[in-house]
>>> print(open('upload17.txt').read())   # compact mmCIF, C-alpha atoms
# COMPACT_ATOMS: atom_id res chain seq x y z
CA MET A 209 -54.95 -70.46 -31.76
CA LEU A 210 -56.89 -68.45 -29.19
CA LYS A 211 -54.45 -69.54 -26.49
CA ARG A 212 -51.51 -68.28 -28.52
CA ILE A 213 -53.18 -64.89 -29.07
CA ILE A 214 -53.88 -64.51 -25.33
CA THR A 215 -50.25 -65.36 -24.48
CA LYS A 216 -48.94 -62.75 -26.90
CA ALA A 217 -51.33 -60.18 -25.48
CA LEU A 218 -50.17 -60.91 -21.92
CA ILE A 219 -46.53 -60.60 -22.99
CA LEU A 220 -47.21 -57.25 -24.66
CA LEU A 221 -49.07 -56.05 -21.57
CA MET A 222 -46.17 -57.01 -19.30
CA ILE A 223 -43.70 -55.24 -21.60
CA SER A 224 -45.91 -52.13 -21.57
CA LEU A 225 -46.06 -52.21 -17.77
CA ILE A 226 -42.28 -52.57 -17.48
CA ILE A 227 -41.73 -49.69 -19.91
CA ALA A 228 -44.21 -47.56 -17.96
CA LEU A 229 -42.40 -48.37 -14.70
CA ILE A 230 -39.03 -47.46 -16.25
CA ILE A 231 -40.38 -44.14 -17.60
CA GLU A 232 -41.93 -43.33 -14.24
CA SER A 233 -38.64 -44.10 -12.46
CA LEU A 234 -36.71 -41.89 -14.86
CA PHE A 235 -39.22 -39.09 -14.45
CA MET A 236 -39.02 -39.30 -10.67
CA ALA A 237 -35.22 -39.30 -10.76
CA ALA A 238 -35.18 -36.28 -13.08
CA SER A 239 -37.68 -34.49 -10.88
CA ALA A 240 -35.59 -35.18 -7.79
CA GLN A 241 -32.47 -33.91 -9.54
CA SER A 242 -34.29 -30.77 -10.64
CA LEU A 243 -35.54 -30.21 -7.12
CA ASN A 244 -32.00 -30.63 -5.79
CA LYS A 245 -30.73 -28.08 -8.31
CA VAL A 246 -33.49 -25.65 -7.39
CA SER A 247 -32.74 -26.19 -3.69
CA ALA A 248 -29.01 -25.62 -4.24
CA ALA A 249 -29.74 -22.49 -6.25
CA ILE A 250 -32.03 -21.20 -3.50
CA GLN A 251 -29.41 -21.91 -0.83
CA LYS A 252 -26.73 -20.18 -2.92
CA GLY A 253 -29.01 -17.20 -3.41
CA LEU A 254 -29.74 -17.02 0.32
CA LYS A 255 -26.02 -17.24 1.11
CA SER A 256 -25.24 -14.50 -1.42
CA ALA A 257 -28.03 -12.31 -0.04
CA LYS A 258 -26.71 -12.87 3.48
CA GLN A 259 -23.19 -11.91 2.40
CA ASN A 260 -24.51 -8.81 0.64
CA ASN A 261 -26.29 -7.82 3.83
CA GLN A 262 -23.01 -8.20 5.75
CA ARG A 263 -21.02 -5.91 3.45
CA GLU A 264 -21.62 -2.52 1.91
CA LEU A 265 -20.23 -1.30 -1.42
CA VAL A 266 -18.41 2.00 -0.85
CA PHE A 267 -16.72 2.56 -4.23
CA GLN A 268 -16.49 0.83 -7.60
CA GLN A 269 -14.61 1.53 -10.82
CA GLN A 270 -13.95 -0.47 -13.98
CA ILE A 271 -10.68 -0.27 -15.93
CA ASP A 272 -8.19 -2.55 -17.68
CA LEU A 273 -5.22 -2.60 -15.25
CA ASN A 274 -2.88 -5.04 -17.02
CA SER A 275 -3.55 -4.57 -20.76
CA ASP A 276 -5.20 -7.97 -21.28
CA ALA A 277 -8.26 -6.45 -23.02
CA GLN A 278 -10.38 -7.47 -20.01
CA VAL A 279 -12.16 -4.90 -17.86
CA ASP A 280 -11.16 -5.16 -14.19
CA THR A 281 -13.56 -4.15 -11.43
CA VAL A 282 -11.98 -2.17 -8.58
CA SER A 283 -14.21 -2.13 -5.49
CA ILE A 284 -14.06 -1.05 -1.86
CA TRP A 285 -16.30 -2.90 0.59
CA LEU A 286 -17.17 -2.35 4.23
CA ASP A 287 -17.42 -5.62 6.16
CA LYS A 288 -20.17 -4.78 8.65
CA ASN A 289 -19.38 -7.73 10.93
CA GLN A 290 -15.65 -7.04 11.30
CA LYS A 291 -16.11 -3.29 10.76
CA LYS A 292 -13.18 -3.32 8.33
CA TYR A 293 -12.70 -2.09 4.78
CA VAL A 294 -11.53 -4.37 1.98
CA LEU A 295 -10.33 -3.37 -1.48
CA SER A 296 -10.81 -5.87 -4.28
CA VAL A 297 -9.92 -6.21 -7.94
CA ASN A 298 -12.23 -8.83 -9.43
CA SER A 299 -11.86 -11.72 -6.93
CA SER A 300 -8.49 -10.63 -5.45
CA LEU A 301 -8.64 -8.94 -2.06
CA TYR A 302 -6.45 -6.46 -0.14
CA GLN A 303 -7.04 -5.52 3.50
CA PRO A 304 -4.65 -3.06 5.18
CA LYS A 305 -3.09 -3.97 8.51
CA GLU A 306 -4.09 -0.62 9.99
CA ASN A 307 -7.57 0.10 11.24
CA ILE A 308 -9.14 2.34 8.59
CA LEU A 309 -11.23 5.15 10.02
CA GLN A 310 -12.21 6.80 6.75
CA ILE A 311 -11.95 5.96 3.05
CA ILE A 312 -10.85 9.01 1.07
CA GLY A 313 -10.71 7.39 -2.35
CA THR A 314 -8.70 5.60 -5.01
CA GLU A 315 -6.81 6.85 -8.04
CA ILE A 316 -5.46 4.99 -11.07
CA VAL A 317 -1.77 5.85 -11.59
CA ASP A 318 0.90 4.71 -14.06
CA ILE A 319 4.42 4.28 -12.68
CA ASP A 320 5.85 3.05 -15.98
CA SER A 321 3.93 4.29 -19.00
CA SER A 322 5.71 1.76 -21.26
CA ASP A 323 4.99 -1.55 -19.46
CA GLY A 324 1.23 -1.89 -20.04
CA TYR A 325 0.39 -1.89 -16.33
CA LYS A 326 -1.52 0.65 -14.29
CA GLU A 327 -1.49 0.81 -10.51
CA ILE A 328 -4.07 1.70 -7.85
CA LEU A 329 -3.34 4.48 -5.34
CA PHE A 330 -5.48 3.69 -2.29
CA HIS A 331 -6.01 6.71 0.01
CA TYR A 332 -7.48 6.42 3.49
CA LYS A 333 -7.23 7.80 7.02
CA SER A 334 -5.92 5.60 9.85
CA ASN A 335 -5.69 6.82 13.46
CA LYS A 336 -5.77 10.46 12.31
CA VAL A 337 -2.89 9.81 9.86
CA GLU A 338 -3.52 9.74 6.13
CA LYS A 339 -2.12 6.74 4.27
CA TYR A 340 -1.35 6.19 0.59
CA VAL A 341 -0.86 2.63 -0.66
CA ILE A 342 0.28 1.76 -4.18
CA LEU A 343 -1.18 -1.59 -5.31
CA GLU A 344 -0.50 -3.63 -8.44
CA TYR A 345 -2.75 -6.20 -10.14
CA ASN A 346 -1.10 -8.67 -12.52
CA GLY A 347 -4.28 -10.34 -13.69
CA LYS A 348 -4.41 -12.84 -10.82
CA THR A 349 -3.17 -11.31 -7.58
CA LEU A 350 -3.37 -7.92 -5.88
CA ARG A 351 -0.15 -6.85 -4.14
CA GLU A 352 1.14 -3.86 -2.18
CA LEU A 353 4.12 -2.06 -3.72
CA LEU A 354 4.51 0.87 -1.33
CA ASN A 355 2.91 2.33 1.80
CA THR A 356 3.52 5.98 2.71
CA ASP A 357 2.11 8.84 4.79
CA SER A 358 2.19 11.38 1.96
CA LYS A 359 0.91 11.38 -1.59
CA PRO A 360 3.64 10.00 -3.88
CA ILE A 361 4.73 11.88 -6.99
CA ILE A 362 4.34 9.63 -10.06
CA ASP A 363 5.27 10.80 -13.56
CA GLY A 364 5.27 7.54 -15.55
CA ASN A 365 9.09 7.29 -15.77
CA LYS A 366 9.47 4.28 -13.39
CA GLU A 367 10.20 6.72 -10.56
CA VAL A 368 8.18 7.38 -7.41
CA ILE A 369 9.09 10.31 -5.13
CA VAL A 370 7.87 10.08 -1.54
CA GLU A 371 8.01 12.87 1.04
CA ARG A 372 8.71 11.75 4.63
CA ASN A 373 7.92 14.03 7.55
CA MET A 374 11.06 14.50 9.65
CA ASP A 375 9.39 16.90 12.15
CA PHE A 376 11.10 20.16 11.13
CA TRP A 377 11.92 19.23 7.50
CA VAL A 378 10.72 17.00 4.65
CA LYS A 379 12.87 14.11 3.44
CA LYS A 380 12.41 13.26 -0.25
CA GLU A 381 13.00 9.59 -1.07
CA ARG A 382 13.28 8.11 -4.56
CA TYR A 383 11.94 4.66 -5.45
CA VAL A 384 12.53 2.97 -8.81
CA LEU A 385 10.32 0.30 -10.37
CA GLU A 386 12.31 -2.86 -11.07
CA GLN A 387 11.36 -6.28 -12.43
CA THR A 388 12.96 -9.56 -11.35
CA ALA A 389 13.89 -12.43 -13.66
CA LEU A 390 10.64 -14.14 -12.63
CA GLY A 391 8.62 -11.07 -13.60
CA ALA A 392 7.86 -9.71 -10.12
CA ARG A 393 7.65 -5.91 -10.03
CA THR A 394 9.06 -4.06 -7.00
CA LEU A 395 9.67 -0.47 -5.93
CA LYS A 396 13.27 -0.26 -4.73
CA LEU A 397 14.59 2.63 -2.65
CA SER A 398 17.49 4.56 -4.22
CA PRO A 399 19.39 5.70 -1.12
CA GLN A 400 21.10 9.10 -1.06
CA GLU A 401 24.22 9.73 0.97
CA LEU A 402 22.84 13.14 1.94
CA TYR A 403 19.29 14.52 1.96
CA TYR A 404 18.61 18.21 1.37
CA VAL A 405 17.06 19.99 4.36
CA GLY A 406 17.17 23.73 3.57
CA VAL A 407 15.83 24.98 6.91
CA PHE A 408 16.95 28.17 8.72
CA ALA A 409 17.13 28.64 12.48
CA TYR A 410 18.35 31.02 15.17
CA VAL A 411 20.79 29.80 17.82
CA LYS A 412 19.45 30.22 21.35
CA LYS A 413 22.23 28.20 22.99
CA PRO A 414 25.72 27.71 21.47
CA PHE A 415 26.71 24.23 20.28
CA VAL A 416 29.76 22.67 18.64
CA LEU A 417 30.17 21.96 14.92
CA TYR A 418 32.65 19.29 13.85
CA SER A 419 34.69 19.07 10.63
CA TYR A 420 33.60 15.49 9.95
CA ARG A 421 30.82 13.10 10.97
CA GLU A 422 32.58 12.28 14.21
CA GLN A 423 33.14 14.13 17.46
CA LYS A 424 36.92 14.45 17.33
CA THR A 425 37.77 17.40 15.07
CA LYS A 426 36.09 20.57 16.30
CA LEU A 427 35.43 23.18 13.60
CA THR A 428 33.72 26.00 15.49
CA THR A 429 31.06 26.84 18.06
CA THR A 430 27.89 28.60 17.01
CA LYS A 431 27.00 31.89 18.69
CA LYS A 432 23.79 32.79 20.47
CA GLY A 433 21.51 34.82 18.21
CA GLU A 434 23.22 33.95 14.92
CA LYS A 435 21.15 32.66 12.01
CA ILE A 436 22.24 29.28 10.72
CA GLU A 437 21.12 27.11 7.83
CA ILE A 438 20.60 23.37 8.29
CA VAL A 439 21.72 22.30 4.84
CA GLN A 440 21.80 18.49 4.63
CA CYS A 441 21.18 15.35 6.65
CA ASP A 442 22.90 11.97 6.76
CA SER A 443 20.16 9.63 8.02
CA SER A 444 22.14 6.45 7.35
CA ASN A 445 23.58 4.14 9.98
CA TRP A 446 27.13 4.35 8.62
CA PHE A 447 28.49 6.47 11.47
CA LYS A 448 26.37 5.10 14.31
CA ASP A 449 27.15 2.62 17.05
CA GLN A 450 25.09 -0.57 16.98
CA SER A 451 22.89 0.62 19.85
CA LYS A 452 22.09 3.88 18.04
CA LYS A 453 21.13 2.48 14.64
CA ASN A 454 17.77 3.69 13.25
CA ASN A 455 17.59 6.34 15.97
CA LYS A 456 17.10 9.66 14.18
CA MET A 457 18.39 11.62 17.17
CA TYR A 458 21.84 10.37 16.15
CA ASP A 459 21.51 11.52 12.53
CA TRP A 460 24.29 13.88 11.39
CA TYR A 461 23.36 17.32 9.97
CA MET A 462 25.52 19.66 7.90
CA ILE A 463 25.07 23.20 9.20
CA LYS A 464 26.18 26.50 7.67
CA THR A 465 27.06 29.40 10.01
CA GLU A 466 26.57 33.11 9.33
CA LYS A 467 30.27 33.29 8.39
CA GLY A 468 29.79 30.60 5.76
CA LEU A 469 31.49 27.74 7.62
CA LEU A 470 30.11 24.23 7.05
CA GLY A 471 30.25 21.78 9.93
CA TRP A 472 28.50 18.73 11.34
CA ALA A 473 26.39 18.11 14.45
CA MET A 474 24.15 15.30 15.63
CA LEU A 475 20.47 16.12 16.01
CA LYS A 476 20.49 15.32 19.73
CA ASP A 477 23.23 17.94 20.29
CA PHE A 478 21.53 20.92 18.65
CA ILE A 479 17.75 20.39 18.32
CA ASN A 480 17.07 21.98 21.73
CA CYS A 481 19.59 24.77 21.05
CA ILE A 482 17.78 26.36 18.12
CA ASP A 483 14.53 28.06 17.15
CA ILE A 484 13.38 27.00 13.68
CA VAL A 485 12.46 29.85 11.35
CA LYS A 486 8.90 29.17 10.26
CA THR A 487 8.38 29.69 6.56
CA GLN A 488 5.09 30.75 5.00
CA GLY A 489 2.63 27.85 5.01
CA GLN A 490 4.18 26.09 8.01
>>> encode(input="upload17.txt", output="structure tokens")
Amino acid sequence: MLKRIITKALILLMISLIIALIIESLFMAASAQSLNKVSAAIQKGLKSAKQNNQRELVFQQQIDLNSDAQVDTVSIWLDKNQKKYVLSVNSSLYQPKENILQIIGTEIVDIDSSDGYKEILFHYKSNKVEKYVILEYNGKTLRELLNTDSKPIIDGNKEVIVERNMDFWVKKERYVLEQTALGARTLKLSPQELYYVGVFAYVKKPFVLYSYREQKTKLTTTKKGEKIEIVQCDSSNWFKDQSKKNNKMYDWYMIKTEKGLLGWAMLKDFINCIDIVKTQGQ
């Protein structure tokens, strides 16, 4: 009887020891896992702190850009290592190709007031030239719609008017917001056959005006000292030889004489023959 009691006691003791060993093993495993988590968290925190030290927040704004009832965070960062600026919306990034010298600011604009989207107008200075970039955010990606040297005119009617500096006059271009079958939004240029110039000048050296945009039918010759009006410009490549395409010196201009005659001349043939009349503010 005593022997049986001792055997049972030994069995219970062995079971207790095994249970204790299992509990201890589980505790050690849990502790190791916790330590690993703490270590990973510390490393992540150090990495985040290092990244924060490498970049500086310049600007931040919160707004719903795509009508999904979620607030989007618009930020501009300075990467201290690369010495470059980056614009971000949430986790989507945009970095201009040009070297930004100065951030002037951002503005929220609305090209189409009926589509539920708002756009970002990013304004900065690059190599002494001011740049305006229109960016769209569709909830996932940040994409450039238009890049221009002057502030675009946006009225919410799907239209964007951009002024291009043509040296002695300003060319006004019209872009229209369109959407493809796949849902991509683009700003498409609406070309004009002729662009209004509206600049006056005095003739210092006579030059020929032609009846058409060719050099075959002579209309008249301007006179030294007369005041002319440069009315319109054809900046297309329709009337240019292949070697002269995209060369603005071969653009055709409609010119009005003092006698009211309207003729054509290429820029290269008259630009050095005139003195532009400076208007107030020029």
>>> residues_around(input="upload17.txt", residues="A:Asp318", least_positions_apart="4", cutoff="10 Å", atoms="only C-alpha atoms", output="PyMOL selection string")
chain A and resi 273+322-329+362-366
>>> atom_distance(input="upload17.txt", atom1="atom CA of A:Leu475", atom2="atom CA of A:Trp460")
6.4 Å
>>> residues_around(input="upload17.txt", residues="stretch 342-356 of chain A", least_positions_apart="5", cutoff="10 Å", atoms="all atoms listed in the file", output="number ranges by chain")
A: 272-276, 278, 280, 295-302, 304, 314-317, 319, 325-331, 368, 370-372, 383, 385, 392-396
>>> write_last_selection(input="upload17.txt", atoms="C-alpha atoms", output="short mmCIF file (atom, residue, chain, number, x, y, z; two decimals), in the coordinates of the input")
data_model
loop_
_atom_site.label_atom_id
_atom_site.label_comp_id
_atom_site.auth_asym_id
_atom_site.auth_seq_id
_atom_site.Cartn_x
_atom_site.Cartn_y
_atom_site.Cartn_z
CA ASP A 272 -8.19 -2.55 -17.68
CA LEU A 273 -5.22 -2.60 -15.25
CA ASN A 274 -2.88 -5.04 -17.02
CA SER A 275 -3.55 -4.57 -20.76
CA ASP A 276 -5.20 -7.97 -21.28
CA GLN A 278 -10.38 -7.47 -20.01
CA ASP A 280 -11.16 -5.16 -14.19
CA LEU A 295 -10.33 -3.37 -1.48
CA SER A 296 -10.81 -5.87 -4.28
CA VAL A 297 -9.92 -6.21 -7.94
CA ASN A 298 -12.23 -8.83 -9.43
CA SER A 299 -11.86 -11.72 -6.93
CA SER A 300 -8.49 -10.63 -5.45
CA LEU A 301 -8.64 -8.94 -2.06
CA TYR A 302 -6.45 -6.46 -0.14
CA PRO A 304 -4.65 -3.06 5.18
CA THR A 314 -8.70 5.60 -5.01
CA GLU A 315 -6.81 6.85 -8.04
CA ILE A 316 -5.46 4.99 -11.07
CA VAL A 317 -1.77 5.85 -11.59
CA ILE A 319 4.42 4.28 -12.68
CA TYR A 325 0.39 -1.89 -16.33
CA LYS A 326 -1.52 0.65 -14.29
CA GLU A 327 -1.49 0.81 -10.51
CA ILE A 328 -4.07 1.70 -7.85
CA LEU A 329 -3.34 4.48 -5.34
CA PHE A 330 -5.48 3.69 -2.29
CA HIS A 331 -6.01 6.71 0.01
CA VAL A 368 8.18 7.38 -7.41
CA VAL A 370 7.87 10.08 -1.54
CA GLU A 371 8.01 12.87 1.04
CA ARG A 372 8.71 11.75 4.63
CA TYR A 383 11.94 4.66 -5.45
CA LEU A 385 10.32 0.30 -10.37
CA ALA A 392 7.86 -9.71 -10.12
CA ARG A 393 7.65 -5.91 -10.03
CA THR A 394 9.06 -4.06 -7.00
CA LEU A 395 9.67 -0.47 -5.93
CA LYS A 396 13.27 -0.26 -4.73
#
>>> atom_distance(input="upload17.txt", atom1="atom CA of A:Gln310", atom2="atom CA of A:Lys339")
10.4 Å
>>> residues_around(input="upload17.txt", residues="A:Trp472", least_positions_apart="6", cutoff="7 Å", atoms="all atoms listed in the file", output="short mmCIF file (atom, residue, chain, number, x, y, z; two decimals) with C-alpha atoms, in the coordinates of the input")
data_model
loop_
_atom_site.label_atom_id
_atom_site.label_comp_id
_atom_site.auth_asym_id
_atom_site.auth_seq_id
_atom_site.Cartn_x
_atom_site.Cartn_y
_atom_site.Cartn_z
CA LEU A 417 30.17 21.96 14.92
CA TYR A 418 32.65 19.29 13.85
CA SER A 419 34.69 19.07 10.63
CA TYR A 420 33.60 15.49 9.95
CA ARG A 421 30.82 13.10 10.97
CA TRP A 460 24.29 13.88 11.39
CA TYR A 461 23.36 17.32 9.97
CA MET A 462 25.52 19.66 7.90
CA ILE A 463 25.07 23.20 9.20
#
>>> residues_around(input="upload17.txt", residues="A:Asp483", least_positions_apart="4", cutoff="7 Å", atoms="all atoms listed in the file", output="ChimeraX atom specification")
/A:409-412
>>> residues_around(input="upload17.txt", residues="A:Glu466", least_positions_apart="4", cutoff="12 Å", atoms="only C-alpha atoms", output="PDB file with C-alpha atoms, in the coordinates of the input")
ATOM      1  CA  PHE A 408      16.950  28.170   8.720  1.00  0.00           C
ATOM      2  CA  ALA A 409      17.130  28.640  12.480  1.00  0.00           C
ATOM      3  CA  TYR A 410      18.350  31.020  15.170  1.00  0.00           C
ATOM      4  CA  VAL A 411      20.790  29.800  17.820  1.00  0.00           C
ATOM      5  CA  THR A 428      33.720  26.000  15.490  1.00  0.00           C
ATOM      6  CA  THR A 429      31.060  26.840  18.060  1.00  0.00           C
ATOM      7  CA  THR A 430      27.890  28.600  17.010  1.00  0.00           C
ATOM      8  CA  LYS A 431      27.000  31.890  18.690  1.00  0.00           C
ATOM      9  CA  LYS A 432      23.790  32.790  20.470  1.00  0.00           C
ATOM     10  CA  GLY A 433      21.510  34.820  18.210  1.00  0.00           C
ATOM     11  CA  GLU A 434      23.220  33.950  14.920  1.00  0.00           C
ATOM     12  CA  LYS A 435      21.150  32.660  12.010  1.00  0.00           C
ATOM     13  CA  ILE A 436      22.240  29.280  10.720  1.00  0.00           C
ATOM     14  CA  GLU A 437      21.120  27.110   7.830  1.00  0.00           C
ATOM     15  CA  ILE A 438      20.600  23.370   8.290  1.00  0.00           C
ATOM     16  CA  LEU A 470      30.110  24.230   7.050  1.00  0.00           C
ATOM     17  CA  GLY A 471      30.250  21.780   9.930  1.00  0.00           C
TER      18      GLY A 471
END
>>> atom_distance(input="upload17.txt", atom1="atom CA of A:Ser398", atom2="atom CA of A:Phe376")
22.8 Å
